[in-house]
>>> print(open('upload.txt').read())   # compact mmCIF, C-alpha atoms and all ligand atoms
# COMPACT_ATOMS: atom_id res chain seq x y z
CA VAL A 1 101.49 154.06 179.29
CA LYS A 2 99.08 156.46 177.56
CA ARG A 3 100.09 156.24 173.92
CA ILE A 4 101.60 153.46 171.83
CA GLY A 5 102.75 153.12 168.22
CA VAL A 6 102.37 150.25 165.78
CA LEU A 7 104.37 149.50 162.63
CA THR A 8 104.93 146.76 160.06
CA SER A 9 108.45 146.03 158.85
CA GLY A 10 110.35 143.73 156.49
CA GLY A 11 108.47 141.49 154.06
CA ASP A 12 104.70 141.88 154.23
CA ALA A 13 102.36 139.01 155.08
CA PRO A 14 98.61 138.42 154.99
CA GLY A 15 97.23 139.00 158.48
CA MET A 16 99.39 142.02 159.27
CA ASN A 17 96.27 144.19 158.93
CA ALA A 18 94.40 141.94 161.35
CA ALA A 19 97.23 142.44 163.83
CA ILE A 20 97.20 146.24 163.38
CA ARG A 21 93.45 146.20 163.94
CA ALA A 22 93.71 144.05 167.07
CA VAL A 23 96.41 146.27 168.61
CA THR A 24 94.36 149.40 167.83
CA ARG A 25 91.03 148.05 169.09
CA VAL A 26 92.32 146.36 172.24
CA ALA A 27 94.33 149.45 173.21
CA THR A 28 91.71 152.11 172.42
CA ASN A 29 89.07 150.07 174.24
CA ILE A 30 91.07 150.50 177.45
CA GLY A 31 91.75 154.19 176.84
CA ILE A 32 95.22 153.94 175.31
CA GLU A 33 95.88 156.07 172.22
CA VAL A 34 97.38 154.35 169.19
CA TYR A 35 99.55 155.92 166.50
CA GLY A 36 100.32 154.28 163.17
CA ILE A 37 103.94 154.51 162.06
CA TYR A 38 104.06 154.27 158.24
CA ASP A 39 106.71 152.38 156.22
CA GLY A 40 108.40 150.63 159.11
CA TYR A 41 111.48 152.03 160.81
CA ARG A 42 112.00 154.41 157.89
CA GLY A 43 108.75 156.18 158.72
CA MET A 44 109.69 156.19 162.40
CA VAL A 45 112.91 158.08 161.60
CA GLU A 46 111.14 160.42 159.16
CA GLY A 47 108.17 161.06 161.44
CA LYS A 48 105.53 159.52 159.17
CA ILE A 49 103.28 159.01 162.13
CA GLN A 50 99.52 159.51 162.50
CA PRO A 51 96.85 158.69 165.06
CA LEU A 52 94.83 155.53 164.41
CA THR A 53 91.27 155.49 165.62
CA ARG A 54 89.08 152.43 165.88
CA ARG A 55 87.38 153.54 162.67
CA ASP A 56 90.68 153.76 160.78
CA VAL A 57 91.04 150.02 161.23
CA SER A 58 87.52 149.15 160.09
CA ASP A 59 87.30 147.02 156.96
CA ILE A 60 90.94 145.93 156.96
CA LEU A 61 90.58 142.56 158.69
CA ASP A 62 90.13 140.70 155.41
CA ARG A 63 92.70 142.61 153.39
CA GLY A 64 96.14 141.28 152.47
CA GLY A 65 99.27 143.42 152.67
CA THR A 66 99.59 146.09 155.32
CA MET A 67 97.72 149.40 155.51
CA LEU A 68 100.76 150.94 157.20
CA GLY A 69 103.17 150.01 154.41
CA SER A 70 106.48 148.32 155.02
CA ALA A 71 110.06 149.20 154.22
CA ARG A 72 113.61 148.15 154.82
CA LEU A 73 116.05 150.56 156.44
CA PRO A 74 119.45 148.88 156.89
CA GLU A 75 120.75 152.10 158.50
CA PHE A 76 118.54 151.39 161.51
CA LYS A 77 121.45 149.33 162.83
CA SER A 78 123.29 152.57 163.54
CA LEU A 79 122.75 154.18 166.93
CA GLU A 80 122.67 157.66 165.40
CA VAL A 81 119.75 156.75 163.16
CA ARG A 82 117.88 155.11 166.02
CA GLU A 83 118.42 158.23 168.14
CA LYS A 84 116.55 160.19 165.48
CA ALA A 85 113.74 157.64 165.69
CA VAL A 86 113.54 157.95 169.46
CA GLU A 87 113.42 161.75 169.10
CA GLN A 88 110.44 161.44 166.73
CA LEU A 89 108.64 159.06 169.09
CA LYS A 90 109.16 161.49 171.96
CA LYS A 91 107.87 164.36 169.81
CA PHE A 92 104.65 162.40 169.23
CA GLY A 93 104.46 161.30 172.87
CA ILE A 94 104.72 157.62 171.92
CA GLU A 95 106.01 155.62 174.86
CA ALA A 96 105.98 152.06 173.50
CA VAL A 97 105.73 150.32 170.11
CA VAL A 98 104.35 147.10 168.63
CA VAL A 99 106.59 145.92 165.76
CA ILE A 100 105.07 143.43 163.32
CA GLY A 101 107.72 141.73 161.17
CA GLY A 102 110.40 139.08 160.95
CA ASP A 103 113.59 138.46 162.89
CA GLY A 104 115.36 141.48 161.40
CA SER A 105 112.53 143.65 162.69
CA TYR A 106 112.87 141.96 166.08
CA ARG A 107 116.50 143.09 166.26
CA GLY A 108 115.40 146.68 165.67
CA ALA A 109 112.72 146.29 168.36
CA LEU A 110 115.28 145.00 170.84
CA ALA A 111 117.68 147.85 170.07
CA LEU A 112 114.91 150.42 170.64
CA THR A 113 113.88 148.76 173.90
CA GLU A 114 117.47 149.10 175.09
CA MET A 115 117.14 152.83 174.39
CA GLY A 116 114.14 153.16 176.70
CA ILE A 117 111.23 152.61 174.28
CA ASN A 118 109.52 149.34 175.20
CA CYS A 119 108.83 147.31 172.07
CA ILE A 120 106.97 144.05 171.53
CA GLY A 121 107.52 142.02 168.36
CA LEU A 122 104.79 140.09 166.54
CA PRO A 123 105.85 137.44 163.98
CA GLY A 124 104.50 138.72 160.65
CA THR A 125 106.00 136.60 157.86
CA ILE A 126 104.78 133.86 155.54
CA ASP A 127 108.04 131.92 156.00
CA ASN A 128 107.34 130.43 159.45
CA ASP A 129 111.05 130.92 160.11
CA ILE A 130 110.77 132.19 163.68
CA SER A 131 111.62 129.52 166.22
CA SER A 132 109.90 131.12 169.19
CA THR A 133 106.44 130.52 167.73
CA ASP A 134 104.69 127.44 166.35
CA GLU A 135 103.24 129.55 163.59
CA THR A 136 103.81 133.01 162.15
CA ILE A 137 101.08 135.38 160.95
CA GLY A 138 100.65 134.74 157.20
CA PHE A 139 102.03 131.20 157.05
CA ASN A 140 98.66 129.48 156.79
CA THR A 141 97.44 131.85 154.10
CA ALA A 142 100.58 131.35 152.01
CA LEU A 143 100.30 127.59 152.48
CA THR A 144 96.69 127.73 151.25
CA THR A 145 97.76 129.73 148.19
CA ILE A 146 100.48 127.21 147.38
CA VAL A 147 98.18 124.22 147.80
CA ASP A 148 95.53 125.81 145.54
CA ALA A 149 98.13 126.49 142.85
CA VAL A 150 99.75 123.06 143.07
CA ASP A 151 96.38 121.26 142.91
CA LYS A 152 95.75 123.06 139.62
CA LEU A 153 99.21 122.23 138.28
CA ARG A 154 98.64 118.58 139.10
CA ASP A 155 95.49 118.46 136.97
CA THR A 156 97.31 119.66 133.90
CA SER A 157 100.60 117.84 134.48
CA SER A 158 99.01 114.41 134.80
CA SER A 159 97.47 114.85 131.36
CA HIS A 160 100.93 115.30 129.83
CA HIS A 161 103.30 112.90 131.66
CA ARG A 162 104.94 115.89 133.20
CA CYS A 163 107.11 116.51 136.21
CA SER A 164 106.21 119.80 137.84
CA VAL A 165 109.04 121.39 139.76
CA VAL A 166 107.49 124.03 141.99
CA GLU A 167 109.59 126.57 143.84
CA VAL A 168 108.03 128.01 146.99
CA MET A 169 109.21 130.68 149.42
CA GLY A 170 110.47 130.12 152.94
CA ASN A 171 113.71 132.07 153.21
CA ARG A 172 115.71 128.92 154.11
CA CYS A 173 112.91 127.54 156.27
CA GLY A 174 111.43 124.41 154.67
CA ASP A 175 108.00 124.58 156.30
CA LEU A 176 106.09 125.99 153.31
CA ALA A 177 107.60 123.28 151.08
CA LEU A 178 107.13 120.39 153.49
CA PHE A 179 103.62 121.32 154.64
CA ALA A 180 102.60 121.90 151.01
CA GLY A 181 104.20 118.58 150.03
CA ILE A 182 102.13 116.69 152.58
CA SER A 183 98.98 118.60 151.65
CA THR A 184 99.30 117.98 147.90
CA GLY A 185 100.79 114.48 147.92
CA ALA A 186 104.01 115.57 146.25
CA GLU A 187 106.47 112.87 145.20
CA ILE A 188 109.54 114.75 146.42
CA VAL A 189 110.14 117.68 148.77
CA ILE A 190 113.48 119.46 148.86
CA THR A 191 114.36 121.88 151.66
CA SER A 192 117.52 123.07 153.35
CA GLU A 193 116.84 120.39 155.98
CA THR A 194 116.59 117.52 153.46
CA GLY A 195 119.51 118.80 151.38
CA PHE A 196 119.66 118.51 147.59
CA ASP A 197 121.49 115.73 145.77
CA GLU A 198 120.56 116.27 142.14
CA GLY A 199 121.63 112.83 140.93
CA GLU A 200 119.65 111.09 143.63
CA VAL A 201 116.51 113.11 142.88
CA LEU A 202 116.79 112.24 139.17
CA ASP A 203 117.21 108.55 140.10
CA ARG A 204 114.07 108.67 142.19
CA LEU A 205 112.14 110.37 139.41
CA ARG A 206 113.18 107.61 136.97
CA GLU A 207 111.92 105.08 139.51
CA PHE A 208 108.55 106.87 139.76
CA ASP A 209 108.33 106.69 135.98
CA VAL A 210 109.67 103.22 135.16
CA VAL A 211 108.96 101.15 138.28
CA LYS A 212 105.97 102.85 139.85
CA LYS A 213 104.44 103.77 136.49
CA LYS A 214 103.30 107.22 137.66
CA ASN A 215 101.96 109.42 134.90
CA HIS A 216 103.10 112.61 136.63
CA ALA A 217 105.44 113.69 139.39
CA LEU A 218 105.46 116.71 141.63
CA VAL A 219 108.61 118.11 143.18
CA ILE A 220 108.28 120.95 145.68
CA ILE A 221 111.47 122.81 146.42
CA SER A 222 112.30 125.71 148.74
CA GLU A 223 113.66 128.91 147.24
CA LYS A 224 117.41 129.63 147.37
CA ILE A 225 118.40 125.95 146.86
CA THR A 226 118.89 125.61 143.11
CA ASP A 227 117.86 127.13 139.79
CA VAL A 228 114.59 125.29 139.16
CA GLU A 229 114.50 126.15 135.45
CA VAL A 230 117.87 124.46 134.96
CA PHE A 231 116.81 121.53 137.12
CA ALA A 232 113.55 121.06 135.17
CA ARG A 233 115.56 120.84 131.92
CA LYS A 234 117.69 118.10 133.48
CA VAL A 235 114.51 116.25 134.42
CA SER A 236 113.48 116.32 130.75
CA GLN A 237 116.93 115.15 129.63
CA HIS A 238 117.50 112.38 132.15
CA THR A 239 114.04 110.96 132.96
CA GLY A 240 110.94 109.95 131.03
CA PHE A 241 109.06 112.97 132.36
CA SER A 242 108.93 116.31 130.69
CA GLY A 243 110.11 118.73 133.38
CA ARG A 244 108.37 122.07 133.91
CA ALA A 245 109.43 124.66 136.45
CA THR A 246 106.95 126.94 138.19
CA ILE A 247 108.17 129.68 140.47
CA LEU A 248 105.16 130.76 142.51
CA GLY A 249 106.86 133.97 143.65
CA HIS A 250 105.09 136.87 145.26
CA VAL A 251 101.55 135.56 144.82
CA GLN A 252 102.43 133.63 147.98
CA ARG A 253 102.59 136.88 149.93
CA GLY A 254 99.23 138.19 148.79
CA GLY A 255 95.57 137.49 149.27
CA SER A 256 93.00 137.72 151.98
CA PRO A 257 94.22 136.08 155.21
CA VAL A 258 92.63 132.72 156.03
CA PRO A 259 90.65 132.60 159.30
CA ALA A 260 93.51 130.86 161.14
CA ASP A 261 95.77 133.86 160.41
CA ARG A 262 93.09 136.39 161.39
CA ILE A 263 92.60 134.63 164.71
CA LEU A 264 96.34 134.25 165.34
CA ALA A 265 96.94 137.93 164.51
CA SER A 266 94.10 139.00 166.82
CA ARG A 267 95.34 136.91 169.73
CA MET A 268 98.90 138.13 169.26
CA GLY A 269 97.83 141.77 168.96
CA GLU A 270 95.94 141.46 172.21
CA LYS A 271 98.95 139.91 173.95
CA ALA A 272 101.27 142.67 172.70
CA VAL A 273 99.06 145.37 174.24
CA ASP A 274 98.76 143.42 177.50
CA LEU A 275 102.55 143.06 177.77
CA LEU A 276 103.11 146.78 177.11
CA MET A 277 100.51 147.64 179.76
CA GLN A 278 102.50 145.55 182.22
CA GLY A 279 105.54 147.67 181.42
CA ILE A 280 107.22 144.82 179.56
CA GLY A 281 109.37 145.41 176.46
CA GLY A 282 111.99 143.50 174.50
CA GLN A 283 109.74 140.48 174.11
CA CYS A 284 108.12 138.84 171.11
CA VAL A 285 104.80 137.07 171.06
CA GLY A 286 104.44 133.48 169.96
CA THR A 287 102.30 130.39 170.31
CA GLN A 288 103.76 127.38 172.02
CA SER A 289 101.58 124.25 172.08
CA GLY A 290 98.64 126.49 171.27
CA ASN A 291 99.21 128.94 174.13
CA ILE A 292 100.09 132.59 173.57
CA VAL A 293 103.39 133.45 175.23
CA GLY A 294 105.86 136.31 175.47
CA VAL A 295 109.49 135.35 174.91
CA PRO A 296 112.52 137.66 175.38
CA ILE A 297 113.64 138.67 171.86
CA GLU A 298 117.23 137.84 172.68
CA GLU A 299 116.22 134.29 173.60
CA ALA A 300 113.99 133.98 170.52
CA LEU A 301 116.80 135.02 168.17
CA ASN A 302 119.11 132.39 169.63
CA MET A 303 116.70 129.46 169.49
CA PRO A 304 117.67 126.66 167.08
CA ALA A 305 115.41 126.14 164.06
CA LYS A 306 112.40 123.89 164.67
CA SER A 307 113.19 120.31 163.68
CA ARG A 308 110.79 118.81 161.15
CA LYS A 309 112.12 115.23 161.35
CA GLU A 310 108.74 113.79 162.34
CA LEU A 311 106.87 115.52 159.52
CA GLN A 312 109.63 114.62 157.08
CA ASN A 313 109.28 110.96 158.13
CA LEU A 314 105.54 111.19 157.68
CA PHE A 315 106.05 112.64 154.21
CA ASP A 316 108.39 109.76 153.30
CA ARG A 317 105.91 107.17 154.55
CA LEU A 318 103.11 108.67 152.46
CA VAL A 319 104.95 108.52 149.12
P1 LIG H 1 112.40 140.87 158.49
O1 LIG H 1 111.93 141.67 159.65
O2 LIG H 1 111.27 140.38 157.64
O3 LIG H 1 113.39 139.79 158.90
P2 LIG H 1 114.65 142.50 157.55
O4 LIG H 1 115.68 141.50 157.95
O5 LIG H 1 114.81 143.22 156.26
O6 LIG H 1 113.18 141.86 157.50
O7 LIG H 1 114.56 143.57 158.73
C1 LIG H 1 113.63 144.62 158.66
C2 LIG H 1 114.25 145.89 159.18
O8 LIG H 1 114.61 145.74 160.56
C3 LIG H 1 115.55 146.30 158.51
O9 LIG H 1 115.36 146.95 157.28
C4 LIG H 1 116.15 147.24 159.56
O10 LIG H 1 115.51 148.50 159.48
C5 LIG H 1 115.73 146.57 160.86
N1 LIG H 1 116.84 145.75 161.40
C6 LIG H 1 117.29 144.56 160.93
N2 LIG H 1 118.35 144.13 161.64
C7 LIG H 1 118.60 145.07 162.57
C8 LIG H 1 119.58 145.23 163.63
N3 LIG H 1 120.53 144.29 163.84
N4 LIG H 1 119.49 146.32 164.39
C9 LIG H 1 118.55 147.27 164.19
N5 LIG H 1 117.62 147.19 163.22
C10 LIG H 1 117.63 146.12 162.43
>>> encode(input="upload.txt", output="structure tokens")
Amino acid sequence: VKRIGVLTSGGDAPGMNAAIRAVTRVATNIGIEVYGIYDGYRGMVEGKIQPLTRRDVSDILDRGGTMLGSARLPEFKSLEVREKAVEQLKKFGIEAVVVIGGDGSYRGALALTEMGINCIGLPGTIDNDISSTDETIGFNTALTTIVDAVDKLRDTSSSHHRCSVVEVMGNRCGDLALFAGISTGAEIVITSETGFDEGEVLDRLREFDVVKKKNHALVIISEKITDVEVFARKVSQHTGFSGRATILGHVQRGGSPVPADRILASRMGEKAVDLLMQGIGGQCVGTQSGNIVGVPIEEALNMPAKSRKELQNLFDRLV
């Protein structure tokens, strides 16, 4: 392999730039040329492709977002569209590609590998919703952002006998909510794993108020479970707390990556280049018990979601 491409795809995440930099530096330092593919698979099809030198990736390590841009291209599922992409790659002499994104992006990477272009996937998403890795690139930064915001909310809500209902991201993975709940000492965490029984949650809030005499309560809830504005109004109506909803939204995707994400992205970028140099494609990089591993994408996509029973028990014992 003489020349590889790198792209970011799907939702962006802090640390994607660190991964782009690692791929570029590790590859160019062993004499492999690197090309940046802009705007994900869309740019691959349209030929938005340019060489990346080691200097092009200077000063991006600490920046959020992705210097290559990201996009969604649902049409990439069609063979015809992917054939155009392969044509472009051939035109630029790109033999293999590192794809940084979520599980949708992994499917594209697998499809391309099956067409003769070896691809390696790196898990770039704040949601931590990829089972083949302990942690995804961006998760720890998003968690830090949530904890900072919730700590601030707590200060003001305890002055006003409030119940803060905070919605966090996660795309049906409860990790951001649960990890944030443990980190901030939330009273209640609601995820797709815990389920949501509105009546029961209101009962528990009344207990926090009347029996435990708490002067504030914090509920952290994953996105896509319920309308938190409506729920906060019910808290006001049915408990002694005044309910306030806060949807953290896209601030969770931004910001400078924390050191843990920079290190993870660098280790994963290195591994991606090493796998491609061994002629391996169709794998994604992950950490398992702290070790960097390559896992076949097909296997990764079929793994069951990580169980958080132990952490959920811990959370319950801390309330
Ligand atoms: P994420 O990678 O964050 O999960 P998406 O699910 O939007 O985000 O996927 C990103 C892109 O990957 C899609 O816009 C599409 O171009 C490509 N993709 C997703 N699923 C497939 C598939 N089954 N086959 C080929 N490409 C796919």
>>> residues_around(input="upload.txt", residues="Leu301 of chain A", least_positions_apart="5", cutoff="9 Å", atoms="only C-alpha atoms", output="PyMOL selection string")
chain A and resi 103+106-107+130-132+296
>>> write_last_selection(input="upload.txt", atoms="C-alpha atoms", output="PDB file, in the frame of the given file")
ATOM      1  CA  ASP A 103     113.590 138.460 162.890  1.00  0.00           C
ATOM      2  CA  TYR A 106     112.870 141.960 166.080  1.00  0.00           C
ATOM      3  CA  ARG A 107     116.500 143.090 166.260  1.00  0.00           C
ATOM      4  CA  ILE A 130     110.770 132.190 163.680  1.00  0.00           C
ATOM      5  CA  SER A 131     111.620 129.520 166.220  1.00  0.00           C
ATOM      6  CA  SER A 132     109.900 131.120 169.190  1.00  0.00           C
ATOM      7  CA  PRO A 296     112.520 137.660 175.380  1.00  0.00           C
TER       8      PRO A 296
END
>>> residues_around(input="upload.txt", residues="Arg172 of chain A", least_positions_apart="3", cutoff="12 Å", atoms="all atoms listed in the file", output="PyMOL selection string")
chain A and resi 127-130+168-169+175-177+190-195+221-226+305
>>> closest_residue(input="upload.txt", among="A:Leu264, A:Ile188, A:Ala85, A:Ala19", to="ligand LIG 1 (chain H)", atoms="all atoms listed in the file")
A:Ala85
>>> atom_distance(input="upload.txt", atom1="atom CA of Leu68 of chain A", atom2="atom CA of Tyr38 of chain A")
4.8 Å
>>> residues_near_ligand(input="upload.txt", ligand="ligand LIG 1 (chain H)", cutoff="9 Å", atoms="all atoms listed in the file", output="PyMOL selection string")
chain A and resi 8-12+40-42+70-79+82+100-112+123-125
>>> atom_distance(input="upload.txt", atom1="atom CA of Arg262 of chain A", atom2="atom CA of Gly279 of chain A")
26.1 Å
>>> atom_distance(input="upload.txt", atom1="atom CA of Ala245 of chain A", atom2="atom CA of Glu207 of chain A")
20.0 Å
>>> closest_residue(input="upload.txt", among="A:Ile30, A:Leu52, A:Ile292, A:Ile126", to="Cys173 of chain A", atoms="all atoms listed in the file")
A:Ile126
